[in-house]
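I have placed the structure first, in the form of structure tokens, so that the comments after it can refer back to it.
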Amino acid sequence: MTDTPREPYLLPIAQQTIAPGTEPYWDALRERRLVLPRCVTCAQTFWYPRPFCPRCLADDISWEEASGGGVLYSLTVVQRAFGDWNVFVPYAVGLVSLPEGPTIQTLIPTRSPVSLKVGTKVHAVFPRARDGEQRHLQFAPVEEEDDASRAFD
Amino acid sequence: MANDGRGSVIVGAYEHPARELPGYTVPRVLYEVTLGALADAGISSEEIDGFFCDSSVPGFGPLDMAGYLGLQVRYVEANEVGGATYASAVGHADAAIRAGKCRVALVVLGGLPRSLPGGMSGRAVEPGPAAPYNYAGSHPLVADYALAATRHMHEFGTTSEQLAWVKVAAAQHAQHNPQAFLRSLVTVEEVLASPMIADPLHRLDSCVVTDGGGALLVVHPDVAVALGRSGARVLGFGEADKSTDSGPVDLTFTAARSSGARAFEDAGVNVADVRYASLYDSYTITVLLQLEDLGFCAPGAGGRFVEDGGLVARTGHLAVNTDGGGLCNNHPGNRGGMTKVIEAVRQLRGEATPAVQVENCGLALVSAIGGLLSTRHHASTLILESTRT
């Protein structure tokens, strides 16, 4: 499978509805920072962002800066998709293990989806939504972090 | 509860014969499958006093559907665990019957993903709170399952060829099924040559998309005896969820590990006693994981178990999905659990197609998985015993 010749980093994520209480996560993304929700009561980081802890249901949440680093726990290269998305194939989806604990499913923007492997080191990047002011979270291979970030300006 | 021989009995099991139903509505499908199950059991609709459906039915759910069918019920449930719903409903119907809450429970599925506009089945669903974080709209469902396949290959060396054998075996069964959507034999090479959807899953690693559905009648053991129609007695049932939220994940097993353990304990039998298994086959990887999780083989050994015809009736290690499964026969409404139960009932009655009928099929297992393997899913496991004497 050849590398995609198209703009590899721009994938059409739609503007998402921000649930009340998750604003700190989304505000940080707009500033190109990743913060993760951590429960003050049971002292554990959880995913996905919610205004309460899914382990103990306490609602005292601290939003803590993450390193932005991660490792691919798994990945797949989508080669056939529906609607708008089919224009962007092949593109990669991955499960990223963070040192802070959570495993996050995201798109993995890269020039070479076929070069990705389990264990590839990745770093958070922050593309814009296609139709609004939001930024989203994706993870690109560490050696492509700068290129991807520039494409997301 | 311990296996006390007083489990409810599935005496009606009907699969809609069509795979494409242009011009149909979901309620119309439910009417036709209900008629079919009633005829199969020899029961009339006035006797139905329990009703089980999923959340995709139109209108106000089970109220509208039971009303449409003219039923007067004293126990009702709209369950929603994806394709596993109908296996889960059998377990719940058994519990309700044991508790004296009903005696004749109808479980239904109808879906029209091929024929309804936009390919949707039932009503539109508002995205859940996880949606913005799973990018679920950004990639096809198969990508979620592909993530599990990639990891399994990484940890255990499972190959694409081994996964392909799951489809090859299903096709060997489907060739004997006149209603199957896909009846042609396929080879491993043909599976690997089919278009890649989300690496490593090809088109032929994926289940078919069909219209149709099915219905079950689950009854009190005294009702079954009075009918004189053989069926499948519920010996054991277990269900479980598994989620990747909140921490490190392990995609190399599913919730079937827990639901299976609960079902076997409930039944008081062991995996070696199982003569036939219906294993949810949304994708080839799903089958392989369930084989490991239920104890048919060791963790990581699924690839070796399925290769070279391991799942083919009579010649393999275990007869699996002898109707051709979701991979070749039918996966109506994108929900495969109903047809899994139905084929198990056929096997236990000795009414499967002769070429695939397991000899002396006294004990069967149904395993169904609903949802997304890599984010959140549910598993239901049923252990069923033949009531043939």
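All residue names refer to the structure tokens as shown: chains lettered A, B, ... in order, residues numbered from 1 in each chain, ligands numbered from 1 in order.
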
So that I can check the surroundings of segment 168-171 of chain B, please list as a ChimeraX atom specification every protein, DNA and RNA residue that reaches within 10 Å of it, counting only C-alpha atoms and ignoring chain neighbours fewer than 6 positions away. /B:162,177,180,182-191,204-205,281,284,306-313,316,319-329

12 Å contact set for Ala379 of chain B, only C-alpha atoms, chain neighbours under 6 positions out, as a short mmCIF file (atom, residue, chain, number, x, y, z; two decimals) with all heavy atoms, in the first residue's frame:
```cif
data_model
loop_
_atom_site.label_atom_id
_atom_site.label_comp_id
_atom_site.auth_asym_id
_atom_site.auth_seq_id
_atom_site.Cartn_x
_atom_site.Cartn_y
_atom_site.Cartn_z
N GLU B 80 -30.89 -3.56 25.67
CA GLU B 80 -30.04 -3.05 24.62
C GLU B 80 -28.58 -3.32 24.93
O GLU B 80 -27.93 -2.54 25.64
CB GLU B 80 -30.27 -1.53 24.40
CG GLU B 80 -29.51 -1.01 23.18
CD GLU B 80 -29.79 -1.85 21.94
OE1 GLU B 80 -30.91 -1.77 21.40
OE2 GLU B 80 -28.89 -2.61 21.51
N VAL B 81 -28.08 -4.42 24.41
CA VAL B 81 -26.65 -4.70 24.49
C VAL B 81 -26.19 -5.10 23.09
O VAL B 81 -25.45 -6.07 22.89
CB VAL B 81 -26.30 -5.76 25.56
CG1 VAL B 81 -26.31 -5.14 26.94
CG2 VAL B 81 -27.24 -6.96 25.51
N GLY B 82 -26.69 -4.33 22.10
CA GLY B 82 -26.28 -4.57 20.73
C GLY B 82 -26.74 -5.93 20.25
O GLY B 82 -27.82 -6.41 20.58
N GLY B 83 -25.88 -6.57 19.48
CA GLY B 83 -26.25 -7.85 18.89
C GLY B 83 -26.44 -8.96 19.91
O GLY B 83 -27.04 -10.00 19.60
N ALA B 84 -25.94 -8.77 21.12
CA ALA B 84 -26.09 -9.79 22.16
C ALA B 84 -27.46 -9.76 22.83
O ALA B 84 -27.79 -10.66 23.61
CB ALA B 84 -25.01 -9.58 23.24
N THR B 85 -28.25 -8.77 22.50
CA THR B 85 -29.53 -8.55 23.19
C THR B 85 -30.41 -9.79 23.28
O THR B 85 -31.03 -10.04 24.31
CB THR B 85 -30.30 -7.41 22.49
OG1 THR B 85 -29.54 -6.21 22.60
CG2 THR B 85 -31.68 -7.22 23.08
N TYR B 86 -30.47 -10.59 22.24
CA TYR B 86 -31.45 -11.70 22.15
C TYR B 86 -31.00 -12.89 22.98
O TYR B 86 -31.81 -13.59 23.56
CB TYR B 86 -31.73 -12.03 20.66
CG TYR B 86 -31.77 -10.71 19.96
CD1 TYR B 86 -30.61 -10.19 19.40
CD2 TYR B 86 -32.90 -9.89 20.04
CE1 TYR B 86 -30.59 -8.88 18.91
CE2 TYR B 86 -32.88 -8.59 19.54
CZ TYR B 86 -31.71 -8.09 18.98
OH TYR B 86 -31.67 -6.81 18.50
N ALA B 87 -29.69 -13.09 23.09
CA ALA B 87 -29.16 -14.11 24.00
C ALA B 87 -29.38 -13.66 25.44
O ALA B 87 -29.79 -14.44 26.30
CB ALA B 87 -27.68 -14.35 23.72
N SER B 88 -29.11 -12.40 25.69
CA SER B 88 -29.34 -11.84 27.02
C SER B 88 -30.82 -11.95 27.39
O SER B 88 -31.18 -12.31 28.52
CB SER B 88 -28.90 -10.37 27.02
OG SER B 88 -29.26 -9.73 28.21
N PHE B 237 -26.65 -19.35 32.38
CA PHE B 237 -26.60 -18.05 31.71
C PHE B 237 -25.68 -17.13 32.47
O PHE B 237 -25.69 -17.11 33.71
CB PHE B 237 -28.01 -17.45 31.65
CG PHE B 237 -28.04 -16.02 31.20
CD1 PHE B 237 -27.68 -15.68 29.91
CD2 PHE B 237 -28.42 -15.00 32.07
CE1 PHE B 237 -27.68 -14.35 29.49
CE2 PHE B 237 -28.44 -13.67 31.66
CZ PHE B 237 -28.08 -13.35 30.36
N GLY B 238 -24.88 -16.38 31.71
CA GLY B 238 -24.05 -15.36 32.36
C GLY B 238 -23.89 -14.19 31.43
O GLY B 238 -23.96 -14.35 30.21
N GLU B 239 -23.74 -13.02 31.99
CA GLU B 239 -23.45 -11.87 31.15
C GLU B 239 -22.42 -10.98 31.85
O GLU B 239 -22.21 -11.08 33.06
CB GLU B 239 -24.69 -11.10 30.74
CG GLU B 239 -25.59 -10.62 31.82
CD GLU B 239 -26.90 -10.01 31.25
OE1 GLU B 239 -26.93 -9.57 30.08
OE2 GLU B 239 -27.89 -9.96 31.99
N ALA B 240 -21.74 -10.16 31.04
CA ALA B 240 -20.68 -9.31 31.57
C ALA B 240 -20.42 -8.17 30.59
O ALA B 240 -20.71 -8.29 29.41
CB ALA B 240 -19.39 -10.12 31.75
N ASP B 241 -19.87 -7.08 31.11
CA ASP B 241 -19.43 -5.96 30.28
C ASP B 241 -17.91 -5.84 30.38
O ASP B 241 -17.31 -6.27 31.37
CB ASP B 241 -20.01 -4.64 30.80
CG ASP B 241 -21.45 -4.45 30.40
OD1 ASP B 241 -22.05 -5.37 29.84
OD2 ASP B 241 -21.98 -3.36 30.67
N LYS B 242 -17.32 -5.21 29.38
CA LYS B 242 -15.89 -4.89 29.47
C LYS B 242 -15.67 -3.55 28.77
O LYS B 242 -16.17 -3.33 27.68
CB LYS B 242 -15.06 -5.99 28.82
CG LYS B 242 -13.54 -5.81 28.94
CD LYS B 242 -12.84 -7.10 28.57
CE LYS B 242 -11.32 -6.96 28.58
NZ LYS B 242 -10.78 -6.48 27.31
N SER B 243 -14.91 -2.71 29.42
CA SER B 243 -14.72 -1.37 28.90
C SER B 243 -13.25 -1.01 28.93
O SER B 243 -12.52 -1.45 29.81
CB SER B 243 -15.52 -0.39 29.77
OG SER B 243 -15.17 0.92 29.46
N PHE B 253 -8.65 -10.27 25.26
CA PHE B 253 -9.78 -11.08 25.69
C PHE B 253 -11.01 -10.19 25.73
O PHE B 253 -10.92 -8.97 25.71
CB PHE B 253 -9.53 -11.76 27.04
CG PHE B 253 -9.49 -10.82 28.20
CD1 PHE B 253 -10.62 -10.63 29.00
CD2 PHE B 253 -8.34 -10.10 28.52
CE1 PHE B 253 -10.60 -9.77 30.08
CE2 PHE B 253 -8.32 -9.23 29.59
CZ PHE B 253 -9.45 -9.05 30.38
N THR B 254 -12.19 -10.84 25.76
CA THR B 254 -13.45 -10.10 25.76
C THR B 254 -14.21 -10.39 27.04
O THR B 254 -13.79 -11.21 27.87
CB THR B 254 -14.33 -10.54 24.57
OG1 THR B 254 -14.87 -11.84 24.85
CG2 THR B 254 -13.57 -10.56 23.26
N ALA B 255 -15.36 -9.76 27.14
CA ALA B 255 -16.24 -9.99 28.29
C ALA B 255 -16.76 -11.43 28.32
O ALA B 255 -17.29 -11.87 29.35
CB ALA B 255 -17.40 -9.00 28.26
N ALA B 256 -16.59 -12.17 27.24
CA ALA B 256 -17.03 -13.57 27.23
C ALA B 256 -16.25 -14.42 28.22
O ALA B 256 -16.72 -15.48 28.65
CB ALA B 256 -16.94 -14.17 25.82
N ARG B 257 -15.07 -13.94 28.59
CA ARG B 257 -14.32 -14.69 29.60
C ARG B 257 -15.12 -14.72 30.91
O ARG B 257 -15.23 -15.74 31.57
CB ARG B 257 -12.96 -14.02 29.81
CG ARG B 257 -12.00 -14.84 30.63
CD ARG B 257 -10.70 -14.08 30.84
NE ARG B 257 -9.75 -14.34 29.77
CZ ARG B 257 -8.50 -13.86 29.75
NH1 ARG B 257 -8.07 -13.08 30.73
NH2 ARG B 257 -7.69 -14.15 28.76
N SER B 258 -15.70 -13.60 31.26
CA SER B 258 -16.50 -13.52 32.50
C SER B 258 -17.88 -14.12 32.32
O SER B 258 -18.35 -14.87 33.18
CB SER B 258 -16.66 -12.07 32.94
OG SER B 258 -15.41 -11.47 33.15
N SER B 259 -18.55 -13.79 31.20
CA SER B 259 -19.92 -14.29 31.02
C SER B 259 -19.89 -15.81 30.87
O SER B 259 -20.76 -16.51 31.38
CB SER B 259 -20.61 -13.64 29.82
OG SER B 259 -19.98 -14.00 28.60
N GLY B 260 -18.86 -16.32 30.21
CA GLY B 260 -18.73 -17.77 30.05
C GLY B 260 -18.50 -18.47 31.38
O GLY B 260 -19.14 -19.49 31.68
N ALA B 261 -17.61 -17.92 32.19
CA ALA B 261 -17.35 -18.53 33.50
C ALA B 261 -18.64 -18.57 34.33
O ALA B 261 -18.95 -19.58 34.97
CB ALA B 261 -16.26 -17.74 34.23
N ARG B 262 -19.40 -17.46 34.27
CA ARG B 262 -20.67 -17.43 35.03
C ARG B 262 -21.65 -18.46 34.50
O ARG B 262 -22.34 -19.13 35.28
CB ARG B 262 -21.30 -16.03 34.94
CG ARG B 262 -20.52 -15.01 35.70
CD ARG B 262 -21.03 -13.57 35.54
NE ARG B 262 -20.09 -12.72 36.27
CZ ARG B 262 -19.79 -11.48 35.97
NH1 ARG B 262 -20.37 -10.89 34.94
NH2 ARG B 262 -18.92 -10.82 36.68
N ALA B 263 -21.73 -18.59 33.18
CA ALA B 263 -22.69 -19.54 32.59
C ALA B 263 -22.32 -20.97 32.91
O ALA B 263 -23.18 -21.79 33.25
CB ALA B 263 -22.75 -19.32 31.07
N LEU B 279 -21.09 -18.98 18.00
CA LEU B 279 -20.21 -17.93 18.48
C LEU B 279 -20.41 -16.69 17.62
O LEU B 279 -20.34 -16.76 16.39
CB LEU B 279 -18.74 -18.37 18.39
CG LEU B 279 -18.39 -19.66 19.15
CD1 LEU B 279 -16.92 -20.01 18.96
CD2 LEU B 279 -18.73 -19.53 20.63
N TYR B 280 -20.64 -15.57 18.29
CA TYR B 280 -20.93 -14.33 17.57
C TYR B 280 -19.85 -14.06 16.55
O TYR B 280 -18.66 -14.04 16.88
CB TYR B 280 -21.00 -13.17 18.58
CG TYR B 280 -21.82 -12.02 18.09
CD1 TYR B 280 -23.21 -12.03 18.24
CD2 TYR B 280 -21.23 -10.92 17.49
CE1 TYR B 280 -23.99 -10.98 17.79
CE2 TYR B 280 -22.00 -9.86 17.04
CZ TYR B 280 -23.38 -9.89 17.19
OH TYR B 280 -24.15 -8.85 16.75
N THR B 286 -13.67 -11.91 16.18
CA THR B 286 -14.61 -12.07 17.28
C THR B 286 -14.74 -13.54 17.65
O THR B 286 -14.75 -13.90 18.84
CB THR B 286 -16.00 -11.50 16.89
OG1 THR B 286 -15.86 -10.35 16.08
CG2 THR B 286 -16.82 -11.15 18.11
N LEU B 289 -11.51 -14.89 19.45
CA LEU B 289 -11.42 -14.45 20.84
C LEU B 289 -12.38 -15.24 21.73
O LEU B 289 -12.02 -15.62 22.85
CB LEU B 289 -11.72 -12.95 20.93
CG LEU B 289 -10.64 -12.03 20.37
CD1 LEU B 289 -11.16 -10.61 20.24
CD2 LEU B 289 -9.40 -12.05 21.23
N GLN B 290 -13.59 -15.49 21.26
CA GLN B 290 -14.54 -16.23 22.09
C GLN B 290 -14.08 -17.66 22.33
O GLN B 290 -14.29 -18.21 23.42
CB GLN B 290 -15.93 -16.23 21.44
CG GLN B 290 -16.62 -14.88 21.50
CD GLN B 290 -17.77 -14.83 20.53
OE1 GLN B 290 -18.92 -15.06 20.90
NE2 GLN B 290 -17.49 -14.53 19.27
N ASP B 293 -11.72 -17.29 25.13
CA ASP B 293 -12.35 -16.79 26.35
C ASP B 293 -13.26 -17.82 27.00
O ASP B 293 -13.41 -17.83 28.22
CB ASP B 293 -13.17 -15.54 26.04
CG ASP B 293 -12.30 -14.34 25.68
OD1 ASP B 293 -11.09 -14.37 25.96
OD2 ASP B 293 -12.84 -13.39 25.09
N LEU B 294 -13.88 -18.67 26.19
CA LEU B 294 -14.82 -19.65 26.74
C LEU B 294 -14.11 -20.93 27.15
O LEU B 294 -14.72 -21.82 27.75
CB LEU B 294 -15.91 -19.95 25.70
CG LEU B 294 -16.78 -18.74 25.39
CD1 LEU B 294 -17.57 -18.96 24.10
CD2 LEU B 294 -17.74 -18.46 26.54
N GLY B 337 -27.22 -11.87 17.44
CA GLY B 337 -27.46 -12.80 18.54
C GLY B 337 -28.68 -13.70 18.37
O GLY B 337 -28.71 -14.83 18.86
N VAL B 366 -24.24 -20.84 23.39
CA VAL B 366 -24.42 -19.64 22.57
C VAL B 366 -23.63 -18.52 23.22
O VAL B 366 -23.78 -18.25 24.41
CB VAL B 366 -25.90 -19.22 22.49
CG1 VAL B 366 -26.05 -17.90 21.73
CG2 VAL B 366 -26.74 -20.31 21.85
N SER B 367 -22.77 -17.91 22.43
CA SER B 367 -22.00 -16.76 22.92
C SER B 367 -22.27 -15.57 22.01
O SER B 367 -22.16 -15.68 20.79
CB SER B 367 -20.50 -17.09 22.91
OG SER B 367 -19.73 -15.94 23.22
N ALA B 368 -22.67 -14.47 22.58
CA ALA B 368 -22.98 -13.28 21.79
C ALA B 368 -22.26 -12.08 22.38
O ALA B 368 -22.16 -11.94 23.60
CB ALA B 368 -24.48 -13.04 21.75
N ILE B 369 -21.77 -11.24 21.49
CA ILE B 369 -21.03 -10.03 21.89
C ILE B 369 -21.67 -8.84 21.21
O ILE B 369 -21.87 -8.85 20.00
CB ILE B 369 -19.56 -10.16 21.49
CG1 ILE B 369 -18.94 -11.29 22.30
CG2 ILE B 369 -18.82 -8.84 21.69
CD1 ILE B 369 -17.47 -11.27 22.40
N GLY B 370 -21.98 -7.83 21.99
CA GLY B 370 -22.56 -6.62 21.41
C GLY B 370 -21.73 -5.41 21.76
O GLY B 370 -21.13 -5.35 22.82
N GLY B 371 -21.71 -4.45 20.87
CA GLY B 371 -20.97 -3.21 21.14
C GLY B 371 -19.63 -3.21 20.43
O GLY B 371 -19.45 -3.85 19.41
N LEU B 372 -18.70 -2.49 20.99
CA LEU B 372 -17.40 -2.26 20.35
C LEU B 372 -16.32 -2.91 21.20
O LEU B 372 -16.15 -2.56 22.36
CB LEU B 372 -17.14 -0.76 20.23
CG LEU B 372 -18.16 0.01 19.40
CD1 LEU B 372 -17.93 1.50 19.52
CD2 LEU B 372 -18.11 -0.42 17.95
N LEU B 373 -15.57 -3.85 20.61
CA LEU B 373 -14.55 -4.57 21.38
C LEU B 373 -13.52 -3.63 21.99
O LEU B 373 -13.04 -3.88 23.08
CB LEU B 373 -13.80 -5.56 20.48
CG LEU B 373 -14.43 -6.89 20.18
CD1 LEU B 373 -13.38 -7.82 19.58
CD2 LEU B 373 -15.03 -7.52 21.41
#
```

Rounded to one decimal place, report the atom CA of Glu126 of chain B-atom CA of Leu107 of chain A distance in Å.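 Distance reported for this atom pair: 22.3 Å.
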
Give me the chain A side of the contact with chain B, cut-off 7 Å, one line per residue showing its nearest atom pair and distance in Å at one decimal, counting only C-alpha atoms, sorted by chain and residue number, as a tab-separated table.
```
residue	atom	partner	partner_atom	distance
A:Ile13	CA	B:Ser138	CA	7.0
A:Gln16	CA	B:Pro132	CA	5.9
A:Phe46	CA	B:Ser246	CA	4.1
A:Trp47	CA	B:Ser246	CA	4.5
A:Tyr48	CA	B:Asp245	CA	6.5
A:Ser74	CA	B:Arg151	CA	5.6
A:Leu75	CA	B:Leu147	CA	5.4
A:Thr76	CA	B:Asp199	CA	5.2
A:Val77	CA	B:Asp199	CA	5.2
A:Val78	CA	B:Ala198	CA	4.1
A:Gln79	CA	B:Ile197	CA	5.1
A:Arg80	CA	B:Ile197	CA	4.9
A:Ala81	CA	B:Pro140	CA	5.9
A:Phe82	CA	B:Pro140	CA	7.0
A:Trp85	CA	B:Ser138	CA	6.9
A:Ser97	CA	B:Pro248	CA	6.9
A:Gly101	CA	B:Gly247	CA	5.1
A:Pro102	CA	B:Gly247	CA	4.0
A:Thr103	CA	B:Pro248	CA	5.6
A:Gln105	CA	B:Asn134	CA	5.7
A:Thr106	CA	B:Asn134	CA	6.7
```

Determine, counting only C-alpha atoms, which protein, DNA and RNA residues have an atom within 12 Å of an atom of Ile18 of chain A; residues of the same chain fewer than 2 positions away are not included. Present the result as JSON, numbers by chain. {"A": [15, 16, 20, 21, 22, 23, 24, 25, 26, 27, 49, 50, 51, 134, 135, 136], "B": [128, 129, 130, 131, 132, 133]}

Would you tabulate, counting only C-alpha atoms, all residues of segment 8-45 of chain A that have an atom at most 10 Å from an atom of segment 109-131 of chain A, showing the closest pair of atoms and their distance in Å to one decimal, sorted by chain then ascending number, as a tab-separated table?
```
residue	atom	partner	partner_atom	distance
A:Pro8	CA	A:Arg111	CA	5.4
A:Tyr9	CA	A:Pro109	CA	5.0
A:Leu10	CA	A:Pro127	CA	7.4
A:Leu11	CA	A:Pro109	CA	7.9
A:Pro12	CA	A:Arg130	CA	5.5
A:Ile13	CA	A:Ala129	CA	5.3
A:Ala14	CA	A:Ala129	CA	5.4
A:Gln15	CA	A:Ala129	CA	5.3
A:Gln16	CA	A:Ala129	CA	8.3
A:Leu29	CA	A:Phe126	CA	6.6
A:Arg30	CA	A:Phe126	CA	7.8
A:Glu31	CA	A:Phe126	CA	8.7
A:Arg32	CA	A:Phe126	CA	5.7
A:Arg33	CA	A:Phe126	CA	8.0
A:Leu34	CA	A:Ala124	CA	7.5
```

File of the preceding selection, C-alpha atoms, as an mmCIF file, in the first residue's frame:
```
data_model
loop_
_atom_site.group_PDB
_atom_site.id
_atom_site.type_symbol
_atom_site.label_atom_id
_atom_site.label_comp_id
_atom_site.auth_asym_id
_atom_site.auth_seq_id
_atom_site.Cartn_x
_atom_site.Cartn_y
_atom_site.Cartn_z
ATOM 1 C CA PRO A 8 -1.890 13.560 5.380
ATOM 2 C CA TYR A 9 -2.620 15.501 8.502
ATOM 3 C CA LEU A 10 -6.008 17.010 7.862
ATOM 4 C CA LEU A 11 -8.825 14.615 8.628
ATOM 5 C CA PRO A 12 -12.402 15.928 8.803
ATOM 6 C CA ILE A 13 -13.314 15.730 12.476
ATOM 7 C CA ALA A 14 -16.593 17.511 13.033
ATOM 8 C CA GLN A 15 -17.233 20.049 15.765
ATOM 9 C CA GLN A 16 -18.329 18.133 18.859
ATOM 10 C CA LEU A 29 -7.011 21.576 23.620
ATOM 11 C CA ARG A 30 -7.655 25.008 22.101
ATOM 12 C CA GLU A 31 -4.357 26.046 23.669
ATOM 13 C CA ARG A 32 -2.724 22.903 22.260
ATOM 14 C CA ARG A 33 -2.359 21.336 25.696
ATOM 15 C CA LEU A 34 -3.576 17.981 26.925
#
```

List every residue of chain A that DSSP, applied to the backbone of this structure, assigns to strand (DSSP E or B), and report them as a ChimeraX atom specification. /A:35-39,45,61-65,69-78,91-97,103-108,121-125,128,135,138-141

So which residues of segment 14-127 of chain A fall under alpha helix (DSSP H) by DSSP, listed as a PyMOL selection string? chain A and resi 23-30

Store the residues of this selection in a file with C-alpha atoms, as an mmCIF file, in the first residue's frame.
```
data_model
loop_
_atom_site.group_PDB
_atom_site.id
_atom_site.type_symbol
_atom_site.label_atom_id
_atom_site.label_comp_id
_atom_site.auth_asym_id
_atom_site.auth_seq_id
_atom_site.Cartn_x
_atom_site.Cartn_y
_atom_site.Cartn_z
ATOM 1 C CA GLU A 23 -14.747 22.522 29.537
ATOM 2 C CA PRO A 24 -11.249 22.375 31.101
ATOM 3 C CA TYR A 25 -10.320 19.544 28.722
ATOM 4 C CA TRP A 26 -11.609 21.354 25.630
ATOM 5 C CA ASP A 27 -10.223 24.750 26.692
ATOM 6 C CA ALA A 28 -6.780 23.194 27.057
ATOM 7 C CA LEU A 29 -7.011 21.576 23.620
ATOM 8 C CA ARG A 30 -7.655 25.008 22.101
#
```

List every residue of segment 155-238 of chain B that has an atom at most 9 Å from any atom of segment 11-32 of chain B, and for each one report the closest atom pair and its distance in Å to one decimal, counting only C-alpha atoms, with rows sorted by chain and then by increasing residue number, as JSON lines.
```
{"residue": "B:Gln179", "atom": "CA", "partner": "B:Pro17", "partner_atom": "CA", "distance": 6.1}
{"residue": "B:Ala180", "atom": "CA", "partner": "B:Arg19", "partner_atom": "CA", "distance": 8.0}
{"residue": "B:Phe181", "atom": "CA", "partner": "B:Arg19", "partner_atom": "CA", "distance": 6.4}
{"residue": "B:Val209", "atom": "CA", "partner": "B:Arg19", "partner_atom": "CA", "distance": 8.6}
{"residue": "B:Thr210", "atom": "CA", "partner": "B:Arg19", "partner_atom": "CA", "distance": 5.1}
{"residue": "B:Asp211", "atom": "CA", "partner": "B:Glu20", "partner_atom": "CA", "distance": 5.0}
{"residue": "B:Gly212", "atom": "CA", "partner": "B:His16", "partner_atom": "CA", "distance": 5.6}
{"residue": "B:Gly213", "atom": "CA", "partner": "B:His16", "partner_atom": "CA", "distance": 5.5}
{"residue": "B:Gly214", "atom": "CA", "partner": "B:Glu15", "partner_atom": "CA", "distance": 4.3}
{"residue": "B:Ala215", "atom": "CA", "partner": "B:Tyr14", "partner_atom": "CA", "distance": 5.4}
{"residue": "B:Leu216", "atom": "CA", "partner": "B:Ala13", "partner_atom": "CA", "distance": 4.6}
{"residue": "B:Leu217", "atom": "CA", "partner": "B:Gly12", "partner_atom": "CA", "distance": 4.5}
{"residue": "B:Val218", "atom": "CA", "partner": "B:Val11", "partner_atom": "CA", "distance": 6.2}
{"residue": "B:Val219", "atom": "CA", "partner": "B:Val11", "partner_atom": "CA", "distance": 7.0}
{"residue": "B:Ala224", "atom": "CA", "partner": "B:Val11", "partner_atom": "CA", "distance": 6.7}
{"residue": "B:Leu227", "atom": "CA", "partner": "B:Val11", "partner_atom": "CA", "distance": 8.6}
{"residue": "B:Arg229", "atom": "CA", "partner": "B:Val11", "partner_atom": "CA", "distance": 6.5}
{"residue": "B:Ser230", "atom": "CA", "partner": "B:Val11", "partner_atom": "CA", "distance": 6.5}
{"residue": "B:Gly231", "atom": "CA", "partner": "B:Val11", "partner_atom": "CA", "distance": 4.7}
{"residue": "B:Ala232", "atom": "CA", "partner": "B:Val11", "partner_atom": "CA", "distance": 6.9}
{"residue": "B:Arg233", "atom": "CA", "partner": "B:Val11", "partner_atom": "CA", "distance": 8.7}
```

Could you check how far atom CA of Ala89 of chain B sits from atom CA of Glu77 of chain B, in Å to one decimal?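 Distance between the two atoms: 8.3 Å.
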
Residue contacts of Ala301 of chain B (10 Å, only C-alpha atoms) excluding same-chain residues fewer than 5 positions away, as a PyMOL selection string: chain B and resi 156-158+288-289+291-292+296+306

Compile the contact shell of Ala43 of chain A as a VMD selection string: residues with an atom at most 10 Å away, counting only C-alpha atoms, same-chain residues fewer than 3 positions apart removed. chain A and resid 38 to 40 46 53 61 to 62

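Between atom CA of Val274 of chain B and atom CA of Asn360 of chain B lies a distance of 11.0 Å.
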
Close residues, segment 49-55 of chain B itself excluded, 7 Å, only C-alpha atoms, min 6 positions apart in chain, as a PDB file with C-alpha atoms, in the first residue's frame:
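The new file selection_34.pdb reads:
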```
ATOM      1  CA  GLY B  61     -40.476   0.706  22.175  1.00  0.00           C
ATOM      2  CA  PRO B  62     -42.018  -2.443  23.558  1.00  0.00           C
ATOM      3  CA  ALA B  66     -46.441  -5.525  21.904  1.00  0.00           C
ATOM      4  CA  GLN B  72     -51.482  -8.657  26.583  1.00  0.00           C
ATOM      5  CA  VAL B  73     -48.338  -9.115  28.624  1.00  0.00           C
ATOM      6  CA  ARG B  74     -47.471  -9.001  32.310  1.00  0.00           C
ATOM      7  CA  TYR B  75     -43.711  -8.877  31.840  1.00  0.00           C
ATOM      8  CA  VAL B  76     -41.956  -6.603  29.378  1.00  0.00           C
ATOM      9  CA  GLU B  77     -38.366  -5.667  28.651  1.00  0.00           C
ATOM     10  CA  ALA B  78     -36.566  -3.493  26.153  1.00  0.00           C
ATOM     11  CA  ASN B  79     -32.960  -4.622  26.428  1.00  0.00           C
ATOM     12  CA  GLU B  80     -30.041  -3.045  24.620  1.00  0.00           C
ATOM     13  CA  THR B  85     -29.529  -8.550  23.187  1.00  0.00           C
ATOM     14  CA  ALA B  89     -33.136 -11.741  26.680  1.00  0.00           C
ATOM     15  CA  CYS B 102     -44.658 -14.941  33.142  1.00  0.00           C
ATOM     16  CA  ARG B 103     -44.937 -18.345  31.495  1.00  0.00           C
ATOM     17  CA  VAL B 104     -44.612 -17.748  27.743  1.00  0.00           C
ATOM     18  CA  ALA B 105     -42.055 -15.140  26.694  1.00  0.00           C
ATOM     19  CA  LEU B 106     -41.653 -13.835  23.146  1.00  0.00           C
ATOM     20  CA  VAL B 107     -38.230 -12.482  22.133  1.00  0.00           C
ATOM     21  CA  VAL B 108     -38.105 -10.638  18.800  1.00  0.00           C
ATOM     22  CA  LEU B 109     -35.676  -8.993  16.410  1.00  0.00           C
TER      23      LEU B 109
END
```
